[in-house]
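Below is entry-v1.txt, holding compact mmCIF, C-alpha atoms.
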```
# COMPACT_ATOMS: atom_id res chain seq x y z
CA MET A 15 -20.01 32.33 -50.47
CA ASN A 16 -21.13 34.14 -47.37
CA LYS A 17 -23.72 31.84 -45.97
CA GLN A 18 -22.89 31.45 -42.30
CA PRO A 19 -25.48 30.29 -39.81
CA ALA A 20 -25.43 32.03 -36.41
CA THR A 21 -23.99 29.48 -34.02
CA ALA A 22 -23.02 30.06 -30.41
CA ARG A 23 -19.38 29.34 -31.21
CA LYS A 24 -19.31 31.89 -34.01
CA LEU A 25 -20.67 34.63 -31.77
CA GLY A 26 -18.14 33.89 -29.02
CA LEU A 27 -20.77 32.25 -26.84
CA LEU A 28 -20.81 28.87 -25.20
CA SER A 29 -23.72 26.74 -24.09
CA CYS A 30 -23.46 24.97 -20.71
CA HIS A 31 -23.57 21.18 -21.19
CA ASP A 32 -25.84 20.72 -18.20
CA CYS A 33 -28.31 23.61 -18.11
CA HIS A 34 -27.84 25.09 -21.63
CA LEU A 35 -27.21 28.60 -20.34
CA LEU A 36 -25.45 30.81 -22.89
CA VAL A 37 -22.32 32.42 -21.47
CA ASP A 38 -19.33 34.28 -22.89
CA GLN A 39 -16.52 32.01 -24.03
CA PRO A 40 -13.82 32.11 -21.33
CA HIS A 41 -10.10 32.37 -22.12
CA PRO A 42 -8.74 29.06 -23.46
CA GLN A 43 -6.68 28.40 -20.34
CA ALA A 44 -9.33 29.30 -17.80
CA HIS A 45 -11.26 26.50 -16.10
CA SER A 46 -14.51 28.23 -15.41
CA SER A 47 -17.83 26.91 -14.26
CA CYS A 48 -21.37 27.78 -15.25
CA PRO A 49 -22.76 30.75 -13.28
CA ARG A 50 -26.22 29.17 -13.20
CA CYS A 51 -25.60 25.50 -12.39
CA GLY A 52 -21.90 25.27 -11.46
CA ALA A 53 -21.02 22.66 -14.10
CA PRO A 54 -17.56 22.95 -15.67
CA LEU A 55 -17.83 24.82 -18.98
CA HIS A 56 -16.53 23.43 -22.27
CA LEU A 57 -17.07 24.77 -25.75
CA ARG A 58 -17.23 21.12 -26.92
CA LYS A 59 -17.01 17.90 -24.96
CA PRO A 60 -13.30 17.55 -24.06
CA ASN A 61 -11.23 15.24 -26.30
CA SER A 62 -14.44 14.00 -27.84
CA LEU A 63 -12.97 12.31 -30.92
CA HIS A 64 -10.07 10.62 -29.14
CA ARG A 65 -12.22 9.30 -26.34
CA THR A 66 -14.89 8.00 -28.68
CA TRP A 67 -12.33 6.27 -30.92
CA ALA A 68 -10.67 4.62 -27.92
CA LEU A 69 -13.97 3.37 -26.50
CA VAL A 70 -15.17 2.13 -29.90
CA CYS A 71 -11.92 0.14 -30.37
CA ALA A 72 -12.27 -1.38 -26.90
CA ALA A 73 -15.87 -2.36 -27.63
CA ILE A 74 -14.93 -4.03 -30.93
CA ILE A 75 -12.31 -6.16 -29.18
CA LEU A 76 -14.74 -7.21 -26.44
CA TYR A 77 -17.53 -7.88 -28.94
CA ILE A 78 -15.69 -11.01 -30.14
CA PRO A 79 -15.48 -12.98 -26.85
CA ALA A 80 -19.00 -11.75 -26.04
CA ASN A 81 -20.31 -13.64 -29.06
CA VAL A 82 -18.01 -16.66 -29.09
CA LEU A 83 -18.00 -17.69 -25.43
CA PRO A 84 -21.05 -19.14 -23.67
CA ILE A 85 -23.35 -16.68 -21.90
CA THR A 86 -25.28 -19.28 -19.86
CA ILE A 87 -24.35 -22.75 -18.67
CA THR A 88 -27.37 -24.93 -17.92
CA SER A 89 -26.97 -28.11 -15.91
CA ALA A 90 -30.03 -30.33 -15.90
CA LEU A 91 -30.07 -33.94 -14.65
CA GLY A 92 -26.36 -34.42 -15.04
CA THR A 93 -25.99 -32.89 -18.51
CA ARG A 94 -24.29 -29.54 -19.01
CA GLN A 95 -25.19 -27.28 -21.88
CA ALA A 96 -23.36 -24.07 -22.75
CA ASP A 97 -25.26 -21.48 -24.78
CA THR A 98 -23.82 -18.52 -26.65
CA ILE A 99 -25.97 -15.50 -27.49
CA LEU A 100 -26.57 -16.77 -31.04
CA SER A 101 -27.30 -20.36 -30.03
CA GLY A 102 -29.91 -18.98 -27.64
CA VAL A 103 -31.54 -17.10 -30.52
CA ILE A 104 -31.50 -20.24 -32.68
CA TYR A 105 -33.01 -22.29 -29.86
CA PHE A 106 -35.92 -19.84 -29.57
CA MET A 107 -36.48 -19.85 -33.32
CA LYS A 108 -36.62 -23.64 -33.41
CA SER A 109 -38.89 -23.89 -30.40
CA GLY A 110 -41.41 -21.64 -32.12
CA SER A 111 -41.18 -18.47 -30.06
CA TRP A 112 -39.82 -16.33 -32.87
CA GLU A 113 -40.90 -13.09 -31.11
CA ILE A 114 -38.45 -13.78 -28.30
CA ALA A 115 -35.81 -14.82 -30.83
CA ALA A 116 -36.32 -11.48 -32.58
CA VAL A 117 -36.10 -9.49 -29.33
CA ILE A 118 -32.87 -11.19 -28.28
CA PHE A 119 -31.34 -10.97 -31.75
CA ILE A 120 -32.14 -7.29 -32.15
CA ALA A 121 -31.12 -6.30 -28.61
CA SER A 122 -27.99 -8.43 -28.25
CA VAL A 123 -26.55 -8.86 -31.73
CA PHE A 124 -27.95 -6.26 -34.08
CA VAL A 125 -28.05 -3.16 -31.83
CA PRO A 126 -24.46 -3.33 -30.49
CA PHE A 127 -23.15 -4.11 -33.98
CA ALA A 128 -25.15 -1.35 -35.68
CA LYS A 129 -24.16 1.07 -32.95
CA LEU A 130 -20.46 0.42 -33.49
CA VAL A 131 -20.82 0.70 -37.28
CA ILE A 132 -22.76 3.99 -37.01
CA LEU A 133 -20.28 5.49 -34.53
CA ILE A 134 -17.33 4.54 -36.76
CA CYS A 135 -19.04 6.04 -39.82
CA ILE A 136 -19.82 9.30 -37.98
CA LEU A 137 -16.27 9.48 -36.60
CA LEU A 138 -14.79 8.91 -40.05
CA SER A 139 -17.12 11.49 -41.60
CA VAL A 140 -15.92 14.09 -39.06
CA HIS A 141 -12.33 13.02 -39.61
CA PHE A 142 -12.60 13.50 -43.37
CA ARG A 143 -14.59 16.73 -42.87
CA SER A 144 -17.55 15.43 -44.81
CA ALA A 145 -20.39 17.83 -45.60
CA TRP A 146 -22.73 15.00 -46.51
CA ARG A 147 -26.23 15.22 -44.96
CA PRO A 148 -25.27 16.58 -41.54
CA LYS A 149 -28.87 16.58 -40.32
CA ASP A 150 -29.30 12.87 -41.04
CA ARG A 151 -26.01 12.08 -39.33
CA THR A 152 -27.16 14.04 -36.26
CA VAL A 153 -30.44 12.10 -36.18
CA LEU A 154 -28.50 8.84 -36.56
CA TYR A 155 -26.36 9.84 -33.59
CA ARG A 156 -29.44 10.61 -31.50
CA ILE A 157 -30.89 7.17 -32.30
CA THR A 158 -27.58 5.50 -31.37
CA GLU A 159 -27.60 7.28 -28.05
CA MET A 160 -31.19 6.26 -27.37
CA VAL A 161 -31.27 2.55 -28.25
CA GLY A 162 -28.00 1.48 -26.61
CA ARG A 163 -29.58 0.82 -23.24
CA TRP A 164 -31.87 -1.90 -24.63
CA SER A 165 -28.89 -4.18 -25.25
CA MET A 166 -28.81 -4.80 -21.52
CA VAL A 167 -31.86 -7.05 -21.85
CA ASP A 168 -29.79 -10.23 -22.23
CA ILE A 169 -27.81 -9.46 -19.08
CA TYR A 170 -31.07 -9.10 -17.16
CA VAL A 171 -32.46 -12.36 -18.57
CA VAL A 172 -29.31 -14.12 -17.36
CA THR A 173 -29.64 -12.48 -13.93
CA ILE A 174 -33.25 -13.59 -13.58
CA LEU A 175 -32.55 -17.12 -14.81
CA VAL A 176 -29.62 -17.47 -12.44
CA ALA A 177 -31.76 -16.34 -9.51
CA LEU A 178 -34.79 -18.41 -10.39
CA VAL A 179 -33.38 -21.69 -11.61
CA LYS A 180 -31.47 -23.25 -8.79
CA LEU A 181 -33.53 -26.30 -8.07
CA GLY A 182 -30.79 -28.31 -6.43
CA ALA A 183 -29.97 -31.45 -8.37
CA ILE A 184 -32.67 -31.01 -11.00
CA ALA A 185 -31.48 -27.91 -12.82
CA THR A 186 -29.25 -24.89 -12.34
CA ILE A 187 -28.24 -22.06 -14.63
CA GLU A 188 -24.93 -20.28 -14.27
CA ALA A 189 -23.75 -17.12 -15.98
CA GLY A 190 -20.99 -17.86 -18.51
CA PRO A 191 -17.89 -15.75 -19.21
CA ALA A 192 -19.54 -14.03 -22.19
CA ALA A 193 -21.97 -12.31 -19.83
CA VAL A 194 -19.12 -10.21 -18.45
CA TYR A 195 -17.73 -9.37 -21.91
CA PHE A 196 -21.17 -8.57 -23.25
CA ALA A 197 -22.01 -6.28 -20.33
CA ALA A 198 -18.68 -4.54 -20.93
CA VAL A 199 -19.56 -4.02 -24.62
CA VAL A 200 -22.91 -2.45 -23.70
CA VAL A 201 -21.43 -0.16 -21.04
CA ILE A 202 -18.47 0.88 -23.19
CA THR A 203 -20.59 1.66 -26.26
CA MET A 204 -22.90 3.74 -24.06
CA PHE A 205 -19.89 5.71 -22.84
CA ALA A 206 -18.66 6.03 -26.43
CA ALA A 207 -21.97 7.49 -27.59
CA GLU A 208 -22.00 9.84 -24.61
CA SER A 209 -18.46 11.10 -25.22
CA PHE A 210 -19.11 12.02 -28.85
CA ASP A 211 -20.16 15.61 -29.46
CA PRO A 212 -22.61 15.88 -32.42
CA ARG A 213 -21.72 19.56 -32.85
CA LEU A 214 -18.41 18.43 -34.34
CA ILE A 215 -20.37 17.21 -37.38
CA TRP A 216 -21.49 20.80 -37.96
CA ASP A 217 -18.24 22.48 -36.91
CA VAL A 218 -16.15 20.97 -39.70
CA ILE A 219 -18.73 22.03 -42.31
CA GLU A 220 -18.78 25.62 -41.04
CA GLU A 221 -14.99 25.78 -40.91
CA ASP A 222 -14.72 24.61 -44.52
CA VAL A 223 -17.30 26.97 -46.01
CA MET B 82 -31.22 47.99 -26.64
CA ALA B 83 -28.30 45.74 -25.94
CA PHE B 84 -29.82 42.62 -27.44
CA PHE B 85 -30.88 44.21 -30.71
CA PRO B 86 -28.06 42.76 -32.88
CA ILE B 87 -28.83 39.26 -31.74
CA LEU B 88 -32.51 39.74 -32.44
CA GLN B 89 -31.57 40.82 -35.94
CA ILE B 90 -29.49 37.73 -36.48
CA LEU B 91 -32.22 35.47 -35.25
CA CYS B 92 -35.00 37.11 -37.17
CA SER B 93 -33.02 36.40 -40.29
CA THR B 94 -32.95 32.79 -41.36
CA ALA B 95 -29.92 30.54 -41.42
CA GLU B 96 -29.70 31.13 -45.16
CA ASP B 97 -29.43 34.89 -44.77
CA ARG B 98 -26.46 36.27 -46.68
CA ARG B 99 -25.74 39.37 -44.62
CA PRO B 100 -22.50 39.35 -42.60
CA LEU B 101 -23.07 38.75 -38.92
CA PRO B 102 -22.87 41.75 -36.61
CA LEU B 103 -21.05 40.84 -33.42
CA PRO B 104 -22.55 42.49 -30.36
CA ASP B 105 -20.21 43.70 -27.59
CA ASP B 106 -21.86 42.25 -24.56
CA LYS B 107 -22.95 38.96 -26.05
CA ALA B 108 -23.91 37.00 -22.96
CA ALA B 109 -25.93 39.88 -21.56
CA ALA B 110 -27.58 40.23 -24.93
CA ALA B 111 -28.41 36.55 -24.94
CA SER B 112 -30.31 36.94 -21.70
CA GLY B 113 -31.96 40.11 -22.90
CA GLY B 114 -30.45 42.03 -19.99
CA THR B 115 -33.56 41.13 -18.00
CA GLY B 116 -32.43 37.71 -16.81
CA ARG B 117 -34.86 35.97 -19.15
CA GLN B 118 -32.96 34.08 -21.78
CA ILE B 119 -34.18 34.96 -25.27
CA VAL B 120 -31.94 32.72 -27.35
CA VAL B 121 -30.79 29.17 -26.80
CA ALA B 122 -28.02 27.22 -28.53
CA CYS B 123 -29.00 23.80 -29.86
CA PRO B 124 -27.06 21.17 -27.85
CA ASP B 125 -26.74 18.98 -30.98
CA CYS B 126 -25.64 21.49 -33.65
CA ASP B 127 -24.87 24.76 -31.80
CA LEU B 128 -27.28 26.87 -33.87
CA LEU B 129 -28.76 29.80 -31.97
CA ASN B 130 -32.53 29.66 -31.88
CA ARG B 131 -34.82 32.40 -30.66
CA LEU B 132 -37.09 31.34 -27.83
CA PRO B 133 -40.81 31.75 -28.58
CA GLU B 134 -42.62 34.64 -26.92
CA GLY B 135 -45.44 32.73 -25.25
CA VAL B 136 -44.79 30.45 -22.29
CA ASP B 137 -46.80 27.60 -23.77
CA ALA B 138 -44.92 27.34 -27.05
CA ASN B 139 -42.61 24.55 -28.17
CA LEU B 140 -39.33 25.06 -29.99
CA VAL B 141 -37.53 22.75 -32.41
CA CYS B 142 -34.04 23.53 -33.72
CA ALA B 143 -34.34 25.12 -37.17
CA ARG B 144 -31.29 23.28 -38.48
CA CYS B 145 -31.13 19.77 -37.01
CA GLY B 146 -34.61 19.22 -35.60
CA ALA B 147 -33.65 18.69 -31.94
CA VAL B 148 -36.42 19.50 -29.46
CA LEU B 149 -35.22 22.55 -27.54
CA ARG B 150 -38.27 23.53 -25.52
CA LYS B 151 -41.41 21.61 -24.79
CA HIS B 152 -44.19 23.16 -22.81
CA ARG B 153 -45.38 21.36 -19.69
CA THR B 154 -48.50 22.40 -17.82
CA ASN B 155 -48.17 22.60 -14.06
CA SER B 156 -44.84 20.82 -14.26
CA ILE B 157 -43.66 20.96 -10.64
CA ASP B 158 -46.94 19.74 -9.11
CA ARG B 159 -47.31 16.91 -11.57
CA SER B 160 -43.71 15.66 -11.43
CA LEU B 161 -43.78 15.81 -7.64
CA ALA B 162 -47.00 13.79 -7.45
CA LEU B 163 -45.70 11.20 -9.91
CA THR B 164 -42.32 10.97 -8.17
CA LEU B 165 -44.04 10.35 -4.82
CA ALA B 166 -46.09 7.58 -6.44
CA ALA B 167 -42.87 6.19 -7.90
CA LEU B 168 -41.23 6.12 -4.46
CA ILE B 169 -44.11 4.07 -3.01
CA LEU B 170 -44.07 1.67 -5.95
CA PHE B 171 -40.30 1.38 -5.70
CA ILE B 172 -40.52 0.34 -2.04
CA VAL B 173 -43.26 -2.19 -2.84
CA SER B 174 -41.27 -3.60 -5.77
CA ASN B 175 -38.25 -4.19 -3.60
CA SER B 176 -40.11 -5.67 -0.63
CA PHE B 177 -42.08 -8.49 -2.24
CA PRO B 178 -41.02 -11.48 -4.36
CA PHE B 179 -41.44 -10.80 -8.04
CA LEU B 180 -41.39 -14.27 -9.50
CA ALA B 181 -41.85 -17.73 -8.06
CA MET B 182 -41.07 -20.91 -9.92
CA LYS B 183 -42.92 -24.13 -9.17
CA SER B 184 -41.48 -27.36 -10.48
CA GLY B 185 -42.43 -30.65 -8.90
CA GLY B 186 -42.36 -30.07 -5.15
CA PHE B 187 -39.96 -27.13 -5.28
CA ILE B 188 -41.00 -23.53 -5.03
CA GLN B 189 -38.27 -21.00 -5.68
CA GLU B 190 -39.09 -17.37 -4.94
CA THR B 191 -36.95 -14.44 -5.95
CA THR B 192 -36.94 -10.74 -5.17
CA LEU B 193 -35.27 -8.04 -7.24
CA LEU B 194 -32.13 -8.41 -5.18
CA THR B 195 -31.83 -12.22 -5.33
CA GLY B 196 -30.41 -12.14 -8.84
CA VAL B 197 -27.80 -9.62 -7.77
CA HIS B 198 -26.95 -11.80 -4.78
CA GLU B 199 -26.67 -14.96 -6.92
CA LEU B 200 -24.33 -13.30 -9.41
CA TRP B 201 -22.22 -12.08 -6.48
CA LYS B 202 -22.02 -15.64 -5.13
CA GLN B 203 -20.80 -16.82 -8.56
CA GLU B 204 -17.98 -14.28 -8.17
CA LEU B 205 -19.25 -12.11 -11.01
CA TYR B 206 -18.85 -8.96 -8.95
CA GLY B 207 -18.80 -6.47 -11.82
CA LEU B 208 -21.93 -7.89 -13.41
CA SER B 209 -23.71 -8.04 -10.08
CA SER B 210 -22.84 -4.41 -9.29
CA LEU B 211 -23.96 -3.34 -12.76
CA VAL B 212 -27.39 -4.91 -12.29
CA LEU B 213 -27.69 -3.45 -8.78
CA LEU B 214 -26.68 -0.04 -10.07
CA THR B 215 -28.94 0.10 -13.13
CA CYS B 216 -32.08 -1.42 -11.60
CA VAL B 217 -31.98 -0.35 -7.96
CA LEU B 218 -29.50 2.39 -7.09
CA VAL B 219 -29.90 4.69 -10.11
CA PRO B 220 -33.74 4.67 -10.02
CA LEU B 221 -33.59 5.25 -6.25
CA ALA B 222 -31.18 8.17 -6.74
CA GLN B 223 -33.43 9.62 -9.44
CA ILE B 224 -36.57 9.37 -7.28
CA THR B 225 -35.05 10.77 -4.09
CA GLY B 226 -33.13 13.43 -6.03
CA LEU B 227 -36.29 14.69 -7.74
CA LEU B 228 -38.22 14.73 -4.45
CA TYR B 229 -35.39 16.69 -2.85
CA ILE B 230 -35.46 19.30 -5.63
CA LEU B 231 -39.20 19.54 -6.24
CA ALA B 232 -40.66 19.51 -2.72
CA PRO B 233 -39.13 22.86 -1.56
CA LEU B 234 -40.09 24.49 -4.88
CA ARG B 235 -43.65 23.23 -4.59
CA TRP B 236 -44.12 24.89 -1.19
CA ASP B 237 -42.35 28.07 -2.29
CA ALA B 238 -39.40 27.63 0.02
CA GLY B 239 -36.04 28.57 -1.47
CA PRO B 240 -34.19 25.83 -3.37
CA ALA B 241 -32.83 23.06 -1.16
CA PRO B 242 -29.08 23.24 -0.35
CA GLN B 243 -26.98 21.86 -3.22
CA ALA B 244 -30.17 21.39 -5.27
CA VAL B 245 -28.33 22.40 -8.44
CA ARG B 246 -25.72 19.71 -7.91
CA VAL B 247 -28.43 17.13 -7.19
CA PHE B 248 -30.32 18.04 -10.37
CA ARG B 249 -27.14 17.75 -12.45
CA LEU B 250 -26.58 14.32 -10.93
CA VAL B 251 -30.18 13.27 -11.67
CA GLN B 252 -29.69 14.28 -15.33
CA ASP B 253 -26.28 12.64 -15.60
CA VAL B 254 -27.37 9.24 -14.28
CA ALA B 255 -30.59 9.16 -16.32
CA PRO B 256 -29.20 6.96 -19.17
CA TRP B 257 -28.16 4.37 -16.57
CA GLY B 258 -31.59 3.79 -15.07
CA MET B 259 -32.78 0.74 -16.99
CA MET B 260 -35.90 -0.50 -15.25
CA GLU B 261 -37.88 -0.76 -18.48
CA VAL B 262 -35.14 -2.90 -20.00
CA PHE B 263 -35.24 -5.10 -16.91
CA MET B 264 -39.01 -5.50 -17.37
CA LEU B 265 -38.42 -6.75 -20.92
CA GLY B 266 -35.85 -9.14 -19.44
CA ILE B 267 -38.51 -10.48 -17.06
CA LEU B 268 -40.87 -11.11 -19.96
CA VAL B 269 -38.20 -12.94 -21.95
CA ALA B 270 -37.26 -15.04 -18.91
CA LEU B 271 -40.93 -15.89 -18.38
CA VAL B 272 -41.27 -17.26 -21.89
CA LYS B 273 -37.95 -19.07 -21.63
CA LEU B 274 -38.90 -20.86 -18.43
CA GLY B 275 -42.59 -21.23 -19.21
CA LYS B 276 -42.01 -24.64 -20.77
CA MET B 277 -39.84 -25.96 -17.94
CA ALA B 278 -41.93 -25.04 -14.95
CA THR B 279 -44.89 -23.06 -13.69
CA ILE B 280 -44.02 -19.42 -13.10
CA ILE B 281 -46.11 -17.46 -10.64
CA PRO B 282 -45.74 -13.68 -11.00
CA GLY B 283 -45.60 -11.94 -7.62
CA ILE B 284 -46.79 -8.54 -6.40
CA SER B 285 -43.50 -6.97 -7.41
CA VAL B 286 -43.93 -7.69 -11.10
CA PHE B 287 -47.14 -5.67 -11.18
CA SER B 288 -45.86 -2.80 -9.07
CA PHE B 289 -42.66 -2.79 -11.14
CA GLY B 290 -44.66 -2.65 -14.36
CA VAL B 291 -46.62 0.36 -13.08
CA LEU B 292 -43.45 1.96 -11.67
CA ILE B 293 -41.90 2.09 -15.15
CA PHE B 294 -44.80 4.09 -16.53
CA VAL B 295 -44.99 6.36 -13.48
CA MET B 296 -41.26 7.09 -13.70
CA ALA B 297 -41.51 7.79 -17.43
CA ALA B 298 -44.42 10.13 -16.76
CA ALA B 299 -42.55 11.88 -13.93
CA PHE B 300 -39.67 12.62 -16.30
CA ALA B 301 -41.99 13.56 -19.16
CA THR B 302 -43.74 16.19 -17.01
CA LEU B 303 -40.44 17.55 -15.73
CA ASP B 304 -39.51 20.94 -17.20
CA PRO B 305 -35.70 21.29 -16.96
CA PRO B 306 -35.48 24.90 -18.27
CA LEU B 307 -38.03 25.99 -15.65
CA LEU B 308 -36.15 24.13 -12.90
CA TRP B 309 -32.78 25.60 -13.91
CA ASP B 310 -34.39 29.01 -13.77
CA ARG B 311 -35.82 28.44 -10.28
CA LEU B 312 -32.61 26.84 -8.96
CA ASP B 313 -30.31 29.49 -10.48
CA LEU B 314 -27.12 29.84 -8.37
CA ARG B 315 -27.01 33.57 -9.07
CA ARG B 316 -30.24 34.24 -7.17
```
Please express the file's structure as structure tokens.
Amino acid sequence: MNKQPATARKLGLLSCHDCHLLVDQPHPQAHSSCPRCGAPLHLRKPNSLHRTWALVCAAIILYIPANVLPITITSALGTRQADTILSGVIYFMKSGSWEIAAVIFIASVFVPFAKLVILICILLSVHFRSAWRPKDRTVLYRITEMVGRWSMVDIYVVTILVALVKLGAIATIEAGPAAVYFAAVVVITMFAAESFDPRLIWDVIEEDV
Amino acid sequence: MAFFPILQILCSTAEDRRPLPLPDDKAAAASGGTGRQIVVACPDCDLLNRLPEGVDANLVCARCGAVLRKHRTNSIDRSLALTLAALILFIVSNSFPFLAMKSGGFIQETTLLTGVHELWKQELYGLSSLVLLTCVLVPLAQITGLLYILAPLRWDAGPAPQAVRVFRLVQDVAPWGMMEVFMLGILVALVKLGKMATIIPGISVFSFGVLIFVMAAAFATLDPPLLWDRLDLRR
């Protein structure tokens, strides 16, 4: 079968990561920079698979304390109450504001989890040189890259609550240890999505044809 | 015609069965020898796509559907105007209290930076820096960076010194500017506290709300291919 699409790599060209200028592929050892914007040139993002795997593993480990430990500690009139992310969601559901419960659940529980699952699936598919629906996998990657930022919403809620609720003896809210772990999960998964190069999905298919 | 082989490749579809001719001077061919780039590689799947002839045409990758070119009318003027508006709103948002909480006799006011300060006092330095970075420093860098790039271009001066580096920085930090996420956080916090106490939204909440849309519009009117062309280091 001679059905090869014309890609930049195939024609010995390389697209600058920053300004998308097409330039000749330099020698493998040369560290050259883009003539138009000065960015370092790479055919693909360097060490993409290794970096993404490492960051995904780190995020999985941190995901556990982020969900088990309390994210806020509320002290009101002598009583202390520690809330985890999920207990916060349940509190909102019970108190009738299910919209807020949905926002927090989607942003803090579902999105980070789905993001990790999708990244692992894409990584495995590249690893096993899968030719299965590359376009859909690319779209899935683009979505993962786009929605990750919204997980930060819980961190901001905690920040605002901490700033606003410090009414002396009546009530205070403190950030719990999970806030740090959760922020780390969000930041690390964002880096993981950024370090993956979606062109690898297509590369393995072209190499196998 | 040096770029003829590439034209041939691109006129044929991805499913074409002919073997690919490999031109000698590929990079020169890619720019058509005239400096105007005629093909572009998709950043998501590496497929070469031919740029449309007209200036007001859009281009979507034939293989994976990524948006490669989107036409923007009067891009530099519009982005500059919107970025200036964003700068004013940004200053307002950071100068006035954004929420006040009234409970019994207490009134507690907070500005954007109070939360950062409170987290710092609780010794959560990383978290505090993260919030400061994503809600204050990155948006500020984006706004000032864009002004620095766009203003000289608007008045036909040459590109500002290091403008290329600044634009790369503006693009690289973009995922870390999270003002719209912060706004959602404000809304959630409002509902959460609404039952405990009276919350009075301040001037900042409104200016912040507008700022998000103005920033989004400034980036939506921005035309990166045009800017890279104007800022080209080789000129």
Between atom CA of Leu193 of chain B and atom CA of Leu161 of chain B, what is the spacing in Å?
25.3 Å
At what distance in Å, to one decimal, does atom CA of Tyr195 of chain A lie from atom CA of Met107 of chain A?
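Rounded to one decimal, the two atoms are 24.3 Å apart.
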In terms of the shortest atom-to-atom distance over only C-alpha atoms, which of A:Cys33, A:Val200, A:Leu91, A:Ile184 is closest to chain B?
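For chain B, the nearest of the given residues is A:Cys33.
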Quick one: residues within 12 Å of Leu218 of chain B, all atoms listed in the file counted, chain neighbours fewer than 2 positions away excluded, as a list in words?
Phe171, Asn175, Leu193, Leu194, Ser210, Leu211, Val212, Leu213, Leu214, Thr215, Cys216, Pro220, Leu221, Ala222, Gln223, Ile224, Thr225, Gly226, Val251, Val254, Ala255, Trp257, Gly258, Met259 and Met260 of chain B
Near-Val161 of chain A list (9 Å; only C-alpha atoms; drop same-chain fewer than 4 positions) as a ChimeraX atom specification
/A:121,125,129,156-157,165
Using the selection just defined, write its residues with C-alpha atoms as a PDB file, in the coordinates of the input.
```
ATOM      1  CA  ALA A 121     -31.120  -6.300 -28.610  1.00  0.00           C
ATOM      2  CA  VAL A 125     -28.050  -3.160 -31.830  1.00  0.00           C
ATOM      3  CA  LYS A 129     -24.160   1.070 -32.950  1.00  0.00           C
ATOM      4  CA  ARG A 156     -29.440  10.610 -31.500  1.00  0.00           C
ATOM      5  CA  ILE A 157     -30.890   7.170 -32.300  1.00  0.00           C
ATOM      6  CA  SER A 165     -28.890  -4.180 -25.250  1.00  0.00           C
TER       7      SER A 165
END
```
May I have the residues of chain B within 6 Å of chain A, counting only C-alpha atoms, written as a PyMOL selection string?
chain B and resi 95+98+108+125-129+145+195-196+199+245+262-263+266+270+313-314
For the atom pair atom CA of Ala298 of chain B and atom CA of Ser160 of chain B, what is the interatomic distance in Å to one decimal place?
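Going from atom CA of Ala298 of chain B over to atom CA of Ser160 of chain B, I get 7.7 Å.
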Quick one: of A:Val70, A:Val218, A:Ile187, A:Ile104, who's nearest to Val131 of chain A, counting only C-alpha atoms?
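Nearest to Val131 of chain A: A:Val70.
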B:Glu261, B:Lys273, B:Pro240, B:Pro306 ranked by distance to Gly290 of chain B, top pick (using all atoms listed in the file)
B:Glu261
Distance query Met182 of chain B at most 6 Å, all atoms listed in the file, self and fewer than 2 positions along chain excluded, as a list in words
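Once the adjacent positions are removed, what remains is Ile188, Gln189, Thr279 and Ile280 of chain B.
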Between A:Ala207, A:Ile134, A:Ala72, A:Ala128, which residue has the minimum interatomic distance to Pro256 of chain B, considering all atoms listed in the file?
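Smallest distance to Pro256 of chain B is found for A:Ala207.
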For a cutoff of 12 Å around the file-coordinate point (-41.4, 13.3, -21.2), which residues qualify once you count all atoms listed in the file? I'd like the result as number ranges by chain.
B: 148, 150-153, 156, 159-160, 294-305
Listed atoms of segment 124-135 of chain B boxed axis-aligned with 5 Å per side, centre + edges as AutoDock Vina command-line options:
```
--center_x -35.2 --center_y 26.8 --center_z -29.6 --size_x 30.6 --size_y 25.7 --size_z 18.6
```
Which is closest to Leu274 of chain B among B:Val173, B:Ala143, B:Ala167, B:Ala181, if we use all atoms listed in the file?
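Of the candidates, the smallest distance to Leu274 of chain B is held by B:Ala181.
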